[in-house]
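**Q** Below you'll find the structure I mean.
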Amino acid sequence: MDLHEVNKIISLLFAFCVFAPLLGIFLKGRPFWQMTLFAVICFMTVGGLHKPQEWGLTLGFVDFYRGHTKGYAFYFAEVFALALVIGRALEDWREFRLIPPGLWLYLAYVALSFLSIVNAPNPNFVCMTAFRTLKSAIIFVAGYNYLRTPAHLQIFLLAMSATMFSEMLAVLRLKYGLHVYQVAGTFEHQNALSMFATMVGMVFLAAALAQQARFANLYLMAYVACAVIQQATLSRAGLVVFAAGSTGVALLSLWDRFTRRRVVVLSTLGLVGAVGLAFSLDTMIARFFDYGNEASVITRKFLNRASRNMVEDYPLGVGWNNFAIMINQPYPYGRIIDAWEGEDARVTVDETHQKGIAESLYYLLLAETGWQGLISYVLFIGLFLWWNLRAVFRFRGHFLGALSIGMLAGFGCNYLHSTLERVLTQPRNMMLWFLLLAATARIEMWRRTTRQEPLRETNSAGATDAELKGYAAPNPLSWSVQDIQKK
């Protein structure tokens, strides 16, 4: 181990074992600073201000490996999340939840996926992914324990709005200042940025259409920022999914309650979208007919077929994060790609050339973690989609119902897009995903608490007046953002 690795270990031990606990002690009983730190965590779901930055340290980095995890990565956002968890636990232990609703199923998914280590040619790569996936749950725990009232959800939306405005500036700089064709912004790849913008963009649109929601116009501008980012990525699937998701949010919002504001906003968005489409139509059409698209589609199909072949031979999976090993020599699973390339007489096939991994998240999970990993993952995402759907009906006509529409659409779009891209394995996308899952779990708890009580109209804070059991403060659902800062 070289001196650089030793220095990183010392820095990480200090960050997680000294700095985070001390910061957590400081946060106890200080709502303003808790709010500030949570906003910082939200901003760190993107990769920087104007270019990709790691915002963390990685141990044991394997540069040559083509898998989805190349080392033991630690992110500063996780340090802040741990501090927030400690602060909330010290402040209100009775209401604190170390394992929030639904997280148990995620932990089961991690455990079942880890079973694939028995077949892994490189167990260390399995441990890398298991460690990263398990550690990311701290974002879920922090989000759930912070988002205690709808006013806290407003803070979340405000922080993410500022984040997407910043990301849009980075994207515009790259697209029009540096003339980049497919813009990745501060992310590792344009597809990661595309799915990120879709997931949070659907939430912004639903919140902008909510009944009497505060900051509705700001959320509308944040949605437009997401649309601008989406267009700049020129992700073919992303453009289609974003449009489909927006249509879904619009229809569900009109079903939720047919209001003049919703009709005006949606009509205006449709008009602006049509004008924007007219200006960028040539570029978008050209993207759909780019050279190499057909070869990319065929390669994806062969990688999916290789995934099926792997799971037939290894029902428990070939090993988490080991696909990139199994698809290459000396293993036989990549030979179908070599045979296809050899059909062209002009091409000399190099069987030692390193092939990539399956693009479909589900086929990748199937091959690497086996049937037990894929099924547990589908059950996990299905549970939260079900909670979103139940909240849409329970809080119909209220801010929480509108927010649930957005998360239902955002999750659905990302899970659909995951059939083509494995972006939810990227740390930035996972952070946003966990924050939204935490919001879903909190709303589900409110649904269980208020299911026997009648709900009145939304107030100026964009929240229901229903009382929640187990809170010492009166009527926490009616707290405003200003109340959070004062209390």
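Ligands are numbered from 1 in the order shown, chains are lettered A, B, ... in the order of the structure tokens, and residues start at 1 in each chain.
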For region 107-112 of chain A, find every residue with an atom within 12 Å (counting only C-alpha atoms), except residues of its own chain fewer than 3 positions away, and show them as a ChimeraX atom specification.
**A** /A:99-104,115-118,126-127,129-138,140,316-317,319-320,365,368-381
**Q** Only N, CA and C atoms, please: the residues just picked out, written as a CSV table (one decimal), in the first residue's frame.
**A**
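Full text of selection_0.csv as output:
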chain,number,residue,atom,x,y,z
A,99,ILE,N,-33.9,2.2,10.7
A,99,ILE,CA,-34.3,1.5,9.5
A,99,ILE,C,-35.7,2.0,9.2
A,100,PRO,N,-35.8,3.0,8.3
A,100,PRO,CA,-37.1,3.5,7.9
A,100,PRO,C,-37.9,2.5,7.2
A,101,PRO,N,-39.2,2.8,7.0
A,101,PRO,CA,-40.1,1.8,6.2
A,101,PRO,C,-39.5,1.5,4.8
A,102,GLY,N,-39.5,0.3,4.5
A,102,GLY,CA,-39.0,-0.1,3.2
A,102,GLY,C,-37.6,-0.4,3.1
A,103,LEU,N,-36.7,0.1,4.0
A,103,LEU,CA,-35.3,-0.1,3.9
A,103,LEU,C,-34.9,-1.5,4.2
A,104,TRP,N,-35.7,-2.2,5.0
A,104,TRP,CA,-35.4,-3.6,5.2
A,104,TRP,C,-35.4,-4.4,4.0
A,115,LEU,N,-24.9,-13.0,-2.2
A,115,LEU,CA,-24.7,-14.5,-2.3
A,115,LEU,C,-24.0,-14.9,-3.6
A,116,SER,N,-24.0,-14.0,-4.6
A,116,SER,CA,-23.4,-14.3,-5.9
A,116,SER,C,-21.8,-14.4,-5.7
A,117,ILE,N,-21.3,-14.1,-4.6
A,117,ILE,CA,-19.9,-14.1,-4.4
A,117,ILE,C,-19.3,-15.6,-4.5
A,118,VAL,N,-20.2,-16.5,-4.3
A,118,VAL,CA,-19.8,-17.9,-4.3
A,118,VAL,C,-19.3,-18.3,-5.7
A,126,VAL,N,-17.0,-8.0,-6.0
A,126,VAL,CA,-18.3,-8.2,-5.4
A,126,VAL,C,-18.4,-7.3,-4.1
A,127,CYS,N,-17.3,-7.4,-3.3
A,127,CYS,CA,-17.3,-6.6,-2.1
A,127,CYS,C,-17.3,-5.1,-2.4
A,129,THR,N,-18.9,-3.5,-4.8
A,129,THR,CA,-20.3,-3.1,-5.1
A,129,THR,C,-21.2,-3.2,-3.9
A,130,ALA,N,-21.1,-4.3,-3.1
A,130,ALA,CA,-21.9,-4.5,-2.0
A,130,ALA,C,-21.6,-3.4,-0.9
A,131,PHE,N,-20.4,-3.0,-0.8
A,131,PHE,CA,-20.0,-1.9,0.1
A,131,PHE,C,-20.6,-0.6,-0.3
A,132,ARG,N,-20.5,-0.3,-1.6
A,132,ARG,CA,-21.1,0.9,-2.1
A,132,ARG,C,-22.6,1.0,-2.0
A,133,THR,N,-23.2,-0.1,-2.3
A,133,THR,CA,-24.7,-0.2,-2.3
A,133,THR,C,-25.2,-0.1,-0.9
A,134,LEU,N,-24.6,-0.8,0.0
A,134,LEU,CA,-25.0,-0.8,1.4
A,134,LEU,C,-24.8,0.6,2.1
A,135,LYS,N,-23.6,1.2,1.8
A,135,LYS,CA,-23.2,2.5,2.4
A,135,LYS,C,-24.1,3.6,1.9
A,136,SER,N,-24.6,3.5,0.7
A,136,SER,CA,-25.5,4.5,0.1
A,136,SER,C,-26.8,4.6,0.9
A,137,ALA,N,-27.2,3.6,1.7
A,137,ALA,CA,-28.4,3.7,2.4
A,137,ALA,C,-28.4,4.8,3.5
A,138,ILE,N,-27.2,5.3,3.9
A,138,ILE,CA,-27.2,6.4,4.8
A,138,ILE,C,-27.9,7.6,4.3
A,140,PHE,N,-30.7,7.5,2.5
A,140,PHE,CA,-32.1,7.2,2.8
A,140,PHE,C,-32.4,7.5,4.3
A,316,LEU,N,-27.3,-18.4,-9.2
A,316,LEU,CA,-27.0,-17.4,-8.2
A,316,LEU,C,-26.3,-16.2,-8.7
A,317,GLY,N,-26.0,-16.2,-9.9
A,317,GLY,CA,-25.2,-15.0,-10.5
A,317,GLY,C,-23.8,-15.3,-10.7
A,319,GLY,N,-21.5,-13.2,-10.0
A,319,GLY,CA,-20.8,-12.4,-9.1
A,319,GLY,C,-21.1,-10.9,-9.4
A,320,TRP,N,-21.5,-10.2,-8.3
A,320,TRP,CA,-21.8,-8.8,-8.4
A,320,TRP,C,-20.6,-8.1,-9.0
A,365,LEU,N,-28.3,-7.1,-13.6
A,365,LEU,CA,-28.6,-7.7,-12.3
A,365,LEU,C,-28.8,-9.2,-12.4
A,368,GLU,N,-25.4,-10.9,-12.9
A,368,GLU,CA,-24.4,-10.7,-11.8
A,368,GLU,C,-24.9,-11.2,-10.5
A,369,THR,N,-26.2,-11.0,-10.2
A,369,THR,CA,-26.7,-11.3,-8.8
A,369,THR,C,-27.7,-12.5,-8.9
A,370,GLY,N,-28.0,-13.0,-10.0
A,370,GLY,CA,-28.9,-14.2,-10.1
A,370,GLY,C,-30.3,-13.8,-10.0
A,371,TRP,N,-31.1,-14.8,-10.0
A,371,TRP,CA,-32.6,-14.6,-9.9
A,371,TRP,C,-33.0,-14.0,-8.6
A,372,GLN,N,-32.3,-14.4,-7.5
A,372,GLN,CA,-32.7,-13.9,-6.2
A,372,GLN,C,-32.4,-12.4,-6.1
A,373,GLY,N,-31.3,-11.9,-6.7
A,373,GLY,CA,-31.0,-10.5,-6.7
A,373,GLY,C,-32.0,-9.7,-7.5
A,374,LEU,N,-32.3,-10.1,-8.7
A,374,LEU,CA,-33.2,-9.4,-9.6
A,374,LEU,C,-34.6,-9.4,-9.0
A,375,ILE,N,-35.1,-10.5,-8.5
A,375,ILE,CA,-36.5,-10.5,-7.9
A,375,ILE,C,-36.6,-9.6,-6.7
A,376,SER,N,-35.6,-9.7,-5.8
A,376,SER,CA,-35.6,-8.8,-4.6
A,376,SER,C,-35.6,-7.3,-5.0
A,377,TYR,N,-34.8,-7.0,-6.1
A,377,TYR,CA,-34.8,-5.6,-6.5
A,377,TYR,C,-36.1,-5.2,-7.1
A,378,VAL,N,-36.7,-6.0,-7.9
A,378,VAL,CA,-38.0,-5.7,-8.5
A,378,VAL,C,-39.1,-5.5,-7.4
A,379,LEU,N,-39.0,-6.4,-6.4
A,379,LEU,CA,-40.0,-6.2,-5.2
A,379,LEU,C,-39.7,-4.9,-4.5
A,380,PHE,N,-38.5,-4.5,-4.3
A,380,PHE,CA,-38.2,-3.3,-3.6
A,380,PHE,C,-38.7,-2.1,-4.4
A,381,ILE,N,-38.4,-2.0,-5.7
A,381,ILE,CA,-38.9,-0.8,-6.4
A,381,ILE,C,-40.5,-0.9,-6.6
**Q** If we count only C-alpha atoms and set the cut-off at 6 Å, which residues sit around region 422-439 of chain A, ignoring sequence neighbours fewer than 3 positions away in its own chain? Please answer as a PyMOL selection string.
**A** chain A and resi 45-46+140+143-144+192+196+359-361+418+442
**Q** Pick out each residue of region 37-118 of chain A that DSSP on the backbone tags as alpha helix (DSSP H); I need them as number ranges by chain.
**A** A: 37-43, 76-91, 103-114
**Q** Since we have the selection now, will you write its residues out, keeping C-alpha atoms, as a PDB file, in the first residue's frame?
**A**
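File written: selection.pdb
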ATOM      1  CA  LEU A  37     -26.658  20.772   5.746  1.00  0.00           C
ATOM      2  CA  PHE A  38     -29.560  18.939   4.125  1.00  0.00           C
ATOM      3  CA  ALA A  39     -29.526  21.515   1.301  1.00  0.00           C
ATOM      4  CA  VAL A  40     -25.788  20.872   0.849  1.00  0.00           C
ATOM      5  CA  ILE A  41     -26.459  17.121   0.607  1.00  0.00           C
ATOM      6  CA  CYS A  42     -29.080  17.826  -2.056  1.00  0.00           C
ATOM      7  CA  PHE A  43     -26.625  19.936  -4.042  1.00  0.00           C
ATOM      8  CA  PHE A  76     -18.488  13.703   1.249  1.00  0.00           C
ATOM      9  CA  ALA A  77     -22.284  13.765   0.954  1.00  0.00           C
ATOM     10  CA  GLU A  78     -22.294  10.533   2.962  1.00  0.00           C
ATOM     11  CA  VAL A  79     -20.219  12.207   5.683  1.00  0.00           C
ATOM     12  CA  PHE A  80     -22.789  15.005   5.923  1.00  0.00           C
ATOM     13  CA  ALA A  81     -25.640  12.488   5.847  1.00  0.00           C
ATOM     14  CA  LEU A  82     -24.062  10.593   8.748  1.00  0.00           C
ATOM     15  CA  ALA A  83     -23.734  13.840  10.700  1.00  0.00           C
ATOM     16  CA  LEU A  84     -27.404  14.640  10.053  1.00  0.00           C
ATOM     17  CA  VAL A  85     -28.410  11.148  11.188  1.00  0.00           C
ATOM     18  CA  ILE A  86     -26.429  11.558  14.415  1.00  0.00           C
ATOM     19  CA  GLY A  87     -27.888  15.008  15.028  1.00  0.00           C
ATOM     20  CA  ARG A  88     -31.457  13.810  14.565  1.00  0.00           C
ATOM     21  CA  ALA A  89     -30.867  10.724  16.738  1.00  0.00           C
ATOM     22  CA  LEU A  90     -29.482  12.832  19.579  1.00  0.00           C
ATOM     23  CA  GLU A  91     -32.276  15.372  19.264  1.00  0.00           C
ATOM     24  CA  LEU A 103     -35.310  -0.059   3.892  1.00  0.00           C
ATOM     25  CA  TRP A 104     -35.440  -3.611   5.238  1.00  0.00           C
ATOM     26  CA  LEU A 105     -36.322  -4.850   1.746  1.00  0.00           C
ATOM     27  CA  TYR A 106     -33.383  -2.947   0.273  1.00  0.00           C
ATOM     28  CA  LEU A 107     -31.061  -4.552   2.825  1.00  0.00           C
ATOM     29  CA  ALA A 108     -32.503  -7.941   1.882  1.00  0.00           C
ATOM     30  CA  TYR A 109     -31.751  -7.176  -1.775  1.00  0.00           C
ATOM     31  CA  VAL A 110     -28.126  -6.364  -0.893  1.00  0.00           C
ATOM     32  CA  ALA A 111     -27.770  -9.559   1.156  1.00  0.00           C
ATOM     33  CA  LEU A 112     -29.306 -11.770  -1.527  1.00  0.00           C
ATOM     34  CA  SER A 113     -27.174 -10.166  -4.231  1.00  0.00           C
ATOM     35  CA  PHE A 114     -24.055 -10.743  -2.144  1.00  0.00           C
TER      36      PHE A 114
END
**Q** Nearest residue to Met202 (chain A) out of A:Val263, A:Val183, A:Leu220, A:Leu271, using only C-alpha atoms?
**A** A:Leu220
**Q** Which is closest to Tyr146 (chain A) among A:Asp92, A:Glu54, A:Glu188, A:Glu167, if we use only C-alpha atoms?
**A**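 For Tyr146 (chain A), the nearest of the candidates is A:Asp92.
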